[in-house]
>>> print(open('model-v3.txt').read())   # compact mmCIF, C-alpha atoms
# COMPACT_ATOMS: atom_id res chain seq x y z
CA MET A 1 102.46 66.53 86.95
CA ALA A 2 104.26 64.58 89.62
CA SER A 3 107.55 65.62 88.04
CA LEU A 4 106.47 69.28 88.14
CA MET A 5 105.55 69.05 91.81
CA SER A 6 108.75 67.21 92.69
CA LEU A 7 110.76 69.80 90.77
CA ARG A 8 109.10 72.65 92.63
CA ARG A 9 109.62 70.88 95.96
CA GLU A 10 113.30 70.33 95.24
CA LEU A 11 113.78 73.93 94.19
CA PHE A 12 112.11 75.21 97.34
CA SER A 13 114.18 73.02 99.64
CA LEU A 14 117.29 74.02 97.70
CA ALA A 15 116.28 77.67 98.09
CA ARG A 16 115.91 77.14 101.83
CA ILE A 17 119.39 75.64 102.15
CA LEU A 18 121.09 77.99 99.80
CA SER A 19 119.71 81.17 101.32
CA GLY A 20 122.02 80.50 104.23
CA VAL A 21 125.07 79.82 102.05
CA SER A 22 127.43 82.04 100.02
CA HIS A 23 126.43 84.25 97.12
CA LEU A 24 128.32 82.05 94.70
CA VAL A 25 125.79 79.32 95.40
CA ARG A 26 122.96 81.85 95.11
CA PHE A 27 124.10 82.35 91.55
CA LEU A 28 123.77 78.59 91.11
CA LEU A 29 120.20 78.78 92.45
CA PHE A 30 119.36 81.54 90.00
CA PHE A 31 120.84 79.47 87.19
CA LEU A 32 118.82 76.43 88.25
CA MET A 33 115.55 78.41 88.38
CA GLN A 34 115.68 78.59 84.59
CA ILE A 35 115.17 74.83 84.09
CA THR A 36 112.63 73.94 81.38
CA VAL A 37 109.74 71.73 82.45
CA THR A 38 108.68 68.87 80.18
CA GLU A 39 105.71 66.52 80.20
CA GLU A 40 107.64 63.26 79.78
CA PRO A 41 107.95 61.08 82.90
CA ASP A 42 110.99 61.47 85.13
CA MET A 43 113.83 58.93 85.15
CA LEU A 44 113.97 56.82 88.27
CA PHE A 45 117.30 55.69 89.65
CA GLN A 46 117.54 52.69 91.89
CA LYS A 47 121.09 53.56 92.91
CA VAL A 48 123.46 56.45 92.26
CA VAL A 49 127.05 55.67 93.24
CA ILE A 50 129.45 58.58 93.58
CA LEU A 51 133.10 57.58 93.79
CA VAL A 52 135.46 60.42 94.65
CA LYS A 53 139.21 60.04 94.31
CA GLY A 54 141.99 62.29 95.48
CA HIS A 55 145.52 62.47 96.79
CA ASP A 56 144.59 64.01 100.14
CA ARG A 57 142.48 62.11 102.65
CA ALA A 58 141.54 65.20 104.65
CA VAL A 59 140.09 66.87 101.56
CA LEU A 60 137.99 63.77 100.83
CA ASP A 61 136.80 63.71 104.47
CA SER A 62 135.52 67.26 104.27
CA TYR A 63 133.96 66.67 100.85
CA GLU A 64 132.13 63.61 102.16
CA PHE A 65 130.77 65.67 105.06
CA PHE A 66 129.59 68.33 102.61
CA ALA A 67 127.96 65.81 100.23
CA THR A 68 126.15 63.89 102.98
CA MET A 69 124.91 67.12 104.56
CA ALA A 70 123.58 68.33 101.20
CA ALA A 71 121.88 64.97 100.58
CA LYS A 72 120.26 65.03 104.03
CA GLU A 73 118.94 68.56 103.49
CA LEU A 74 117.46 67.59 100.13
CA GLY A 75 115.88 64.49 101.68
CA ILE A 76 117.80 61.95 99.59
CA THR A 77 118.14 58.50 101.19
CA ILE A 78 121.83 57.90 101.71
CA GLY A 79 122.92 54.28 101.52
CA LYS A 80 126.46 53.30 102.34
CA VAL A 81 129.22 55.87 102.79
CA PHE A 82 132.49 53.99 102.91
CA GLU A 83 136.15 54.25 102.04
CA PRO A 84 137.53 51.73 99.52
CA PRO A 85 141.19 50.86 100.20
CA LYS A 86 143.75 53.26 98.78
CA ALA A 87 145.75 52.44 95.66
CA ILE A 88 149.50 53.09 95.68
CA GLU A 89 151.44 53.26 92.41
CA ARG A 90 155.19 52.89 92.98
CA LEU A 91 158.07 53.67 90.64
CA THR A 92 161.68 52.64 91.13
CA LEU A 93 164.15 54.77 89.20
CA LEU A 94 167.92 54.97 89.00
CA LYS A 95 169.33 57.55 91.38
CA SER A 96 172.26 58.51 89.18
CA ILE A 97 172.23 59.69 85.56
CA HIS A 98 175.03 57.31 84.56
CA ILE A 99 175.81 53.79 85.91
CA PHE A 100 175.38 52.98 89.64
CA LYS A 101 172.67 50.41 88.98
CA LYS A 102 172.51 49.31 92.58
CA HIS A 103 171.38 52.69 93.86
CA ARG A 104 167.81 53.59 93.13
CA VAL A 105 165.12 56.01 94.23
CA GLN A 106 161.49 55.08 94.86
CA TYR A 107 158.49 57.33 94.35
CA GLU A 108 154.87 56.57 95.00
CA MET A 109 151.50 58.07 94.09
CA ARG A 110 148.63 57.42 96.48
CA THR A 111 145.01 57.59 95.39
CA HIS A 112 142.45 57.67 98.19
CA TYR A 113 138.81 56.86 97.45
CA ARG A 114 135.45 57.65 99.04
CA CYS A 115 132.17 56.11 97.95
CA ILE A 116 128.68 57.51 98.57
CA GLU A 117 125.63 55.47 97.53
CA LEU A 118 122.19 57.04 97.18
CA TYR A 119 119.08 54.90 96.81
CA ASN A 120 115.73 55.52 95.13
CA ILE A 121 116.30 58.94 93.66
CA THR A 122 114.42 60.70 90.84
CA GLY A 123 116.08 62.10 87.74
CA CYS A 124 115.41 65.74 88.62
CA THR A 125 116.75 65.39 92.14
CA ALA A 126 119.78 63.51 90.86
CA GLN A 127 120.47 66.21 88.28
CA VAL A 128 120.21 69.04 90.81
CA TYR A 129 122.20 67.26 93.50
CA LEU A 130 124.97 66.13 91.16
CA GLU A 131 125.26 69.58 89.61
CA TYR A 132 125.57 71.16 93.07
CA ILE A 133 128.11 68.55 94.17
CA GLN A 134 130.20 68.86 91.00
CA ARG A 135 130.33 72.63 91.06
CA ASN A 136 131.85 72.44 94.52
CA LEU A 137 134.38 69.71 93.78
CA PRO A 138 137.72 70.74 95.25
CA GLU A 139 140.74 70.98 92.96
CA GLY A 140 142.76 67.77 92.67
CA VAL A 141 139.69 65.61 93.28
CA ALA A 142 138.04 63.51 90.58
CA MET A 143 134.55 62.05 90.64
CA GLU A 144 132.94 59.07 88.89
CA VAL A 145 129.19 58.67 88.95
CA THR A 146 127.43 55.39 88.22
CA LYS A 147 123.65 55.51 87.89
CA THR A 148 121.40 52.45 87.91
CA ALA A 149 118.12 53.41 86.26
CA MET A 150 114.80 51.60 86.60
CA GLU A 151 112.70 51.13 83.48
CA LYS A 152 109.17 49.91 82.98
CA ILE A 153 109.04 46.28 81.80
CA PRO A 154 108.01 46.22 78.10
CA ASP A 155 104.47 44.87 77.60
CA HIS A 156 105.36 42.04 75.26
CA ILE A 157 107.18 40.06 77.94
CA LEU A 158 104.57 40.50 80.70
CA GLU A 159 102.42 37.61 79.46
CA PRO A 160 104.10 34.19 79.09
CA LEU A 161 104.43 33.02 75.49
CA TRP A 162 102.67 29.66 75.94
CA LYS A 163 99.30 31.36 76.49
CA GLU A 164 99.26 32.56 72.90
CA ILE A 165 100.16 29.21 71.27
CA PRO A 166 96.52 27.86 70.81
CA THR A 167 95.73 30.74 68.40
CA ASP A 168 99.00 30.33 66.47
CA ASP A 169 98.90 26.54 66.46
CA LYS A 170 97.63 25.85 62.94
CA PRO A 171 98.68 22.75 61.12
CA SER A 172 101.12 23.81 58.45
CA GLN A 173 100.71 21.87 55.26
CA TYR B 1 186.54 45.10 100.33
CA LEU B 2 184.98 45.26 96.87
CA GLN B 3 187.35 44.65 94.00
CA ASN B 4 186.63 45.84 90.51
CA LYS B 5 187.52 42.81 88.41
CA LYS B 6 188.04 44.68 85.13
CA THR B 7 190.67 47.15 86.31
CA ALA B 8 191.80 45.18 89.39
CA LYS B 9 191.79 48.40 91.43
CA PHE B 10 191.25 48.59 95.15
CA TYR B 11 187.65 49.74 95.95
CA PRO B 12 187.16 49.98 99.69
CA SER B 13 183.54 49.46 100.77
CA ILE B 14 183.39 52.71 102.66
CA ARG B 15 180.07 54.39 101.97
CA PHE B 16 181.02 58.05 101.82
CA LEU B 17 183.67 57.55 99.12
CA TYR B 18 181.12 56.69 96.43
CA PRO B 19 179.20 59.55 94.72
CA SER B 20 175.99 57.58 94.22
CA CYS B 21 175.73 56.87 97.94
CA HIS B 22 175.33 60.52 98.75
CA ARG B 23 171.99 61.07 100.35
CA ASN B 24 169.15 62.44 98.26
CA ARG B 25 169.69 66.06 97.36
CA ALA B 26 166.37 66.77 95.67
CA ALA B 27 164.52 69.88 96.92
CA ARG B 28 166.51 70.00 100.15
CA ILE B 29 168.38 72.90 101.68
CA ARG B 30 171.38 71.71 103.69
CA VAL B 31 172.00 73.06 107.17
CA GLY B 32 174.53 75.91 107.15
CA LYS B 33 175.81 78.61 109.46
CA GLY B 34 172.42 79.96 110.51
CA ASP B 35 172.34 83.23 108.56
CA ARG B 36 170.28 82.15 105.54
CA PRO B 37 166.49 82.74 105.86
CA VAL B 38 164.36 79.87 104.62
CA THR B 39 160.60 79.66 104.04
CA TYR B 40 158.32 76.87 105.33
CA GLU B 41 158.13 75.37 101.86
CA GLN B 42 161.89 75.24 101.41
CA ALA B 43 162.67 74.05 104.93
CA HIS B 44 160.65 70.83 104.66
CA HIS B 45 162.00 67.97 102.59
CA PRO B 46 159.95 66.20 99.86
CA HIS B 47 159.13 63.23 102.05
CA HIS B 48 157.09 65.62 104.21
CA ILE B 49 154.60 66.20 101.38
CA ALA B 50 151.12 65.14 102.55
CA HIS B 51 152.37 65.14 106.16
CA ARG B 52 153.64 68.66 106.82
CA LYS B 53 153.51 70.17 103.34
CA GLY B 54 150.78 70.50 100.77
CA TRP B 55 150.91 70.22 97.01
CA LEU B 56 152.07 73.11 94.88
CA SER B 57 150.19 71.98 91.81
CA GLN B 58 146.72 70.44 92.21
CA HIS B 59 145.12 68.57 89.35
CA THR B 60 143.53 65.20 88.84
CA SER B 61 145.77 63.73 86.16
CA ASN B 62 148.09 61.94 88.61
CA LEU B 63 145.25 59.92 90.13
CA LYS B 64 144.80 56.28 89.23
CA GLY B 65 142.91 55.87 85.99
CA GLU B 66 143.40 59.47 84.85
CA ASP B 67 145.53 60.62 81.94
CA ARG B 68 147.20 63.73 80.46
CA ALA B 69 149.65 64.13 83.35
CA ALA B 70 152.52 65.17 81.09
CA GLU B 71 150.55 68.03 79.50
CA ARG B 72 149.57 69.40 82.90
CA THR B 73 153.21 69.23 84.05
CA ILE B 74 154.45 71.14 81.01
CA GLU B 75 151.77 73.78 81.51
CA ASP B 76 152.76 74.08 85.17
CA VAL B 77 156.45 74.52 84.39
CA PHE B 78 155.68 77.17 81.78
CA ILE B 79 153.33 79.06 84.10
CA ARG B 80 155.88 79.06 86.92
CA ARG B 81 158.64 80.44 84.69
CA PHE B 82 156.28 82.97 83.12
CA VAL B 83 155.05 84.33 86.44
CA PHE B 84 158.57 84.33 87.86
CA GLY B 85 159.68 86.40 84.89
CA THR B 86 156.78 88.88 84.78
CA PHE B 87 156.88 89.61 88.51
CA HIS B 88 160.65 89.62 88.66
CA GLY B 89 161.99 89.77 92.21
CA CYS B 90 158.51 90.12 93.69
CA LEU B 91 157.68 86.50 94.47
CA ALA B 92 157.83 85.65 98.15
CA ASN B 93 157.18 81.95 97.83
CA GLU B 94 156.43 79.22 95.30
CA ILE B 95 153.35 79.55 93.12
CA VAL B 96 150.36 77.28 93.78
CA ILE B 97 148.48 76.17 90.65
CA LYS B 98 144.96 74.80 91.01
CA ARG B 99 142.75 73.39 88.29
CA ARG B 100 139.03 73.27 88.87
CA GLY B 101 136.98 72.22 85.87
CA ASN B 102 138.23 74.41 83.07
CA VAL B 103 139.57 77.19 85.27
CA LEU B 104 143.29 77.51 85.95
CA SER B 105 143.85 79.36 89.20
CA VAL B 106 147.36 80.63 89.92
CA CYS B 107 147.85 81.66 93.56
CA ALA B 108 150.94 83.63 94.51
CA VAL B 109 152.30 85.60 97.44
CA MET B 110 154.18 88.72 96.39
CA LEU B 111 156.41 91.30 98.02
CA GLN B 112 155.37 94.95 97.89
CA LYS B 113 158.18 96.04 95.60
CA LEU B 114 156.07 97.59 92.83
CA PRO B 115 153.38 100.30 93.10
CA PRO B 116 149.83 98.85 93.00
CA GLN B 117 149.04 100.24 89.54
CA LYS B 118 151.92 98.28 88.03
CA PHE B 119 150.80 95.21 89.93
CA TYR B 120 147.29 95.45 88.54
CA PHE B 121 148.60 95.93 85.03
CA LEU B 122 150.90 92.90 85.32
CA ILE B 123 148.10 90.77 86.77
CA GLY B 124 145.77 91.66 83.89
CA TYR B 125 148.52 91.10 81.33
CA THR B 126 149.38 87.66 82.77
CA GLU B 127 145.75 86.60 82.96
CA SER B 128 144.90 87.58 79.40
CA LEU B 129 148.09 86.15 77.87
CA LEU B 130 147.80 82.83 79.69
CA SER B 131 144.09 82.56 78.84
CA HIS B 132 144.93 82.99 75.18
CA PHE B 133 147.75 80.44 75.37
CA TYR B 134 145.80 77.75 77.13
CA LYS B 135 142.29 78.52 75.81
CA CYS B 136 140.84 78.37 79.31
CA PRO B 137 140.00 81.01 81.94
CA VAL B 138 143.12 81.78 83.98
CA LYS B 139 142.71 83.56 87.31
CA LEU B 140 145.54 85.06 89.27
CA GLU B 141 145.01 85.30 93.02
CA ILE B 142 147.67 87.45 94.60
CA GLN B 143 148.40 88.38 98.20
CA THR B 144 151.15 90.80 99.14
CA LEU B 145 153.51 90.91 102.07
CA GLN B 146 156.07 93.41 103.28
CA ASP B 147 158.85 90.82 103.57
CA LYS B 148 159.28 87.13 102.93
CA ALA B 149 157.72 84.91 105.60
CA VAL B 150 160.78 83.33 107.19
CA TYR B 151 160.26 79.98 108.90
CA LYS B 152 163.79 79.48 110.18
CA TYR B 153 167.42 80.33 109.49
CA LEU B 154 169.69 77.58 108.17
>>> encode(input="model-v3.txt", output="structure tokens")
Amino acid sequence: MASLMSLRRELFSLARILSGVSHLVRFLLFFLMQITVTEEPDMLFQKVVILVKGHDRAVLDSYEFFATMAAKELGITIGKVFEPPKAIERLTLLKSIHIFKKHRVQYEMRTHYRCIELYNITGCTAQVYLEYIQRNLPEGVAMEVTKTAMEKIPDHILEPLWKEIPTDDKPSQ
Amino acid sequence: YLQNKKTAKFYPSIRFLYPSCHRNRAARIRVGKGDRPVTYEQAHHPHHIAHRKGWLSQHTSNLKGEDRAAERTIEDVFIRRFVFGTFHGCLANEIVIKRRGNVLSVCAVMLQKLPPQKFYFLIGYTESLLSHFYKCPVKLEIQTLQDKAVYKYL
């Protein structure tokens, strides 16, 4: 029941945002309206870490602005938004096709990163948000998502073992 | 001076005499008399990429931790030659290839040399052939100009 209500709430807030945005995203809204509702309890995520990598820092800047704005509109608590240091991969090749070993050419490939952390998010919200974010990923940008889920502690480890020993303690002959 | 010990010839250490010491010639147009029109893309040298130029082919396989870069490069080379051949003499500038999910988007700027009906036919033909080759949706986004956009004359 709570999952149904949360789903409806998310869809309404999404409808509110997306009514002001392009028709392409309206198609996304229509597509999302056909989600099936189940009775099983929703997954709870303690942390969802989105790491975006790309060659162009300006593109990652604008994408971060877009993602944080979308998260704020959906009411998701944003944790840290930071920029891990860039990784440069360098190659040194011979300049000439034959001999001339002392003359080389260097190339490099730069990968810039951007990390967005979201805390305490439900499975439905995460699914909707990630789908929206991923559909609007710019070309040449890759994303890695790490989710930390919270599960209920299984019952058999709630009680300490030594409380059950008096019943099991029978002299074995 | 440097002396080659094997042949005992005289090798003066004057930089311009040696072919390998020529400056880089990759993707550069040398300054000439001033009558040759040159586009923005051609006028800027490769070290200006990410500063004054963008990327002509945008995909994620050259990022750290991603693979299949060679396959993307081969596809790009084939697509460039294919489009250059189908729209012969109509291309104003280099083709930009973007990959977004499964979709291959080829963006080109053309000159208005052909009537629009032929253009539409060629666009449809390219899109369907390339989609069948690469088993993914290929979209061609074309803009037309009267003449090439000249940045400067070299």
>>> atom_distance(input="model-v3.txt", atom1="CA of Ile95 (chain B)", atom2="CA of Met110 (chain B)")
9.8 Å
>>> closest_atom_pairs(input="model-v3.txt", of="chain B", to="chain A", cutoff="8 Å", atoms="only C-alpha atoms", output="tab-separated table")
residue	atom	partner	partner_atom	distance
B:Ser20	CA	A:Ser96	CA	6.3
B:Cys21	CA	A:His103	CA	7.3
B:Ala50	CA	A:Asp56	CA	7.1
B:Gln58	CA	A:Gly140	CA	4.8
B:His59	CA	A:Gly140	CA	4.2
B:Thr60	CA	A:Gly140	CA	4.7
B:Asn62	CA	A:Met109	CA	7.5
B:Leu63	CA	A:Thr111	CA	5.8
B:Lys64	CA	A:Thr111	CA	6.3
B:Lys98	CA	A:Glu139	CA	6.0
B:Arg99	CA	A:Glu139	CA	5.6
B:Arg100	CA	A:Glu139	CA	5.0
>>> residues_near_point(input="model-v3.txt", point="(122.6, 60.7, 95.5)", cutoff="8 Å", atoms="only C-alpha atoms", output="list in words")
Lys47, Val48, Val49, Ile50, Ala71, Ile76, Thr77, Ile78, Ile116, Glu117, Leu118, Tyr119, Ile121, Ala126, Tyr129 and Leu130 of chain A
>>> atom_distance(input="model-v3.txt", atom1="CA of Gln127 (chain A)", atom2="CA of Ser62 (chain A)")
22.0 Å
>>> closest_residue(input="model-v3.txt", among="B:Asp67, B:Phe82, B:Asn93, B:Arg28", to="Val150 (chain B)", atoms="all atoms listed in the file")
B:Asn93
>>> residues_around(input="model-v3.txt", residues="Arg80 (chain B)", least_positions_apart="4", cutoff="12 Å", atoms="only C-alpha atoms", output="number ranges by chain")
B: 56-57, 73-76, 84-88, 91, 93-97, 106-108, 126, 130
>>> write_last_selection(input="model-v3.txt", atoms="C-alpha atoms", output="compact mmCIF listing (two decimals), in the coordinates of the input")
# COMPACT_ATOMS: atom_id res chain seq x y z
CA LEU B 56 152.07 73.11 94.88
CA SER B 57 150.19 71.98 91.81
CA THR B 73 153.21 69.23 84.05
CA ILE B 74 154.45 71.14 81.01
CA GLU B 75 151.77 73.78 81.51
CA ASP B 76 152.76 74.08 85.17
CA PHE B 84 158.57 84.33 87.86
CA GLY B 85 159.68 86.40 84.89
CA THR B 86 156.78 88.88 84.78
CA PHE B 87 156.88 89.61 88.51
CA HIS B 88 160.65 89.62 88.66
CA LEU B 91 157.68 86.50 94.47
CA ASN B 93 157.18 81.95 97.83
CA GLU B 94 156.43 79.22 95.30
CA ILE B 95 153.35 79.55 93.12
CA VAL B 96 150.36 77.28 93.78
CA ILE B 97 148.48 76.17 90.65
CA VAL B 106 147.36 80.63 89.92
CA CYS B 107 147.85 81.66 93.56
CA ALA B 108 150.94 83.63 94.51
CA THR B 126 149.38 87.66 82.77
CA LEU B 130 147.80 82.83 79.69
>>> atom_distance(input="model-v3.txt", atom1="CA of Ile49 (chain B)", atom2="CA of Ala26 (chain B)")
13.1 Å
>>> axis_aligned_box(input="model-v3.txt", around="region 151-157 of chain A", padding_each_side="5 Å", output="JSON")
{"center_x": 108.6, "center_y": 45.6, "center_z": 79.4, "size_x": 18.2, "size_y": 21.1, "size_z": 18.2}
>>> closest_residue(input="model-v3.txt", among="B:Ile29, B:Val83, B:Ala70, B:Ala43", to="Val109 (chain B)", atoms="only C-alpha atoms")
B:Val83
>>> closest_residue(input="model-v3.txt", among="B:Leu129, B:Ala92, B:Ala69, B:Leu140", to="Gln112 (chain B)", atoms="all atoms listed in the file")
B:Ala92
>>> closest_residue(input="model-v3.txt", among="A:Glu151, A:Asp61, A:Glu40, A:Glu131", to="Tyr113 (chain A)", atoms="all atoms listed in the file")
A:Asp61
>>> residues_near_point(input="model-v3.txt", point="(119.9, 50.8, 90.5)", cutoff="7 Å", atoms="all atoms listed in the file", output="PyMOL selection string")
chain A and resi 45-48+147-150
>>> closest_residue(input="model-v3.txt", among="B:Leu154, B:Ala149, B:Leu104, B:Leu111", to="Phe133 (chain B)", atoms="all atoms listed in the file")
B:Leu104
>>> residues_around(input="model-v3.txt", residues="Asp42 (chain A)", least_positions_apart="2", cutoff="7 Å", atoms="only C-alpha atoms", output="PyMOL selection string")
chain A and resi 3+40+44+122-123
>>> write_last_selection(input="model-v3.txt", atoms="C-alpha atoms", output="mmCIF file, keeping the file's coordinate frame")
data_model
loop_
_atom_site.group_PDB
_atom_site.id
_atom_site.type_symbol
_atom_site.label_atom_id
_atom_site.label_comp_id
_atom_site.auth_asym_id
_atom_site.auth_seq_id
_atom_site.Cartn_x
_atom_site.Cartn_y
_atom_site.Cartn_z
ATOM 1 C CA SER A 3 107.550 65.620 88.040
ATOM 2 C CA GLU A 40 107.640 63.260 79.780
ATOM 3 C CA LEU A 44 113.970 56.820 88.270
ATOM 4 C CA THR A 122 114.420 60.700 90.840
ATOM 5 C CA GLY A 123 116.080 62.100 87.740
#
>>> residues_around(input="model-v3.txt", residues="Arg114 (chain A)", least_positions_apart="6", cutoff="6 Å", atoms="all atoms listed in the file", output="mmCIF file with C-alpha atoms, in the coordinates of the input")
data_model
loop_
_atom_site.group_PDB
_atom_site.id
_atom_site.type_symbol
_atom_site.label_atom_id
_atom_site.label_comp_id
_atom_site.auth_asym_id
_atom_site.auth_seq_id
_atom_site.Cartn_x
_atom_site.Cartn_y
_atom_site.Cartn_z
ATOM 1 C CA LEU A 51 133.100 57.580 93.790
ATOM 2 C CA VAL A 52 135.460 60.420 94.650
ATOM 3 C CA GLU A 83 136.150 54.250 102.040
#
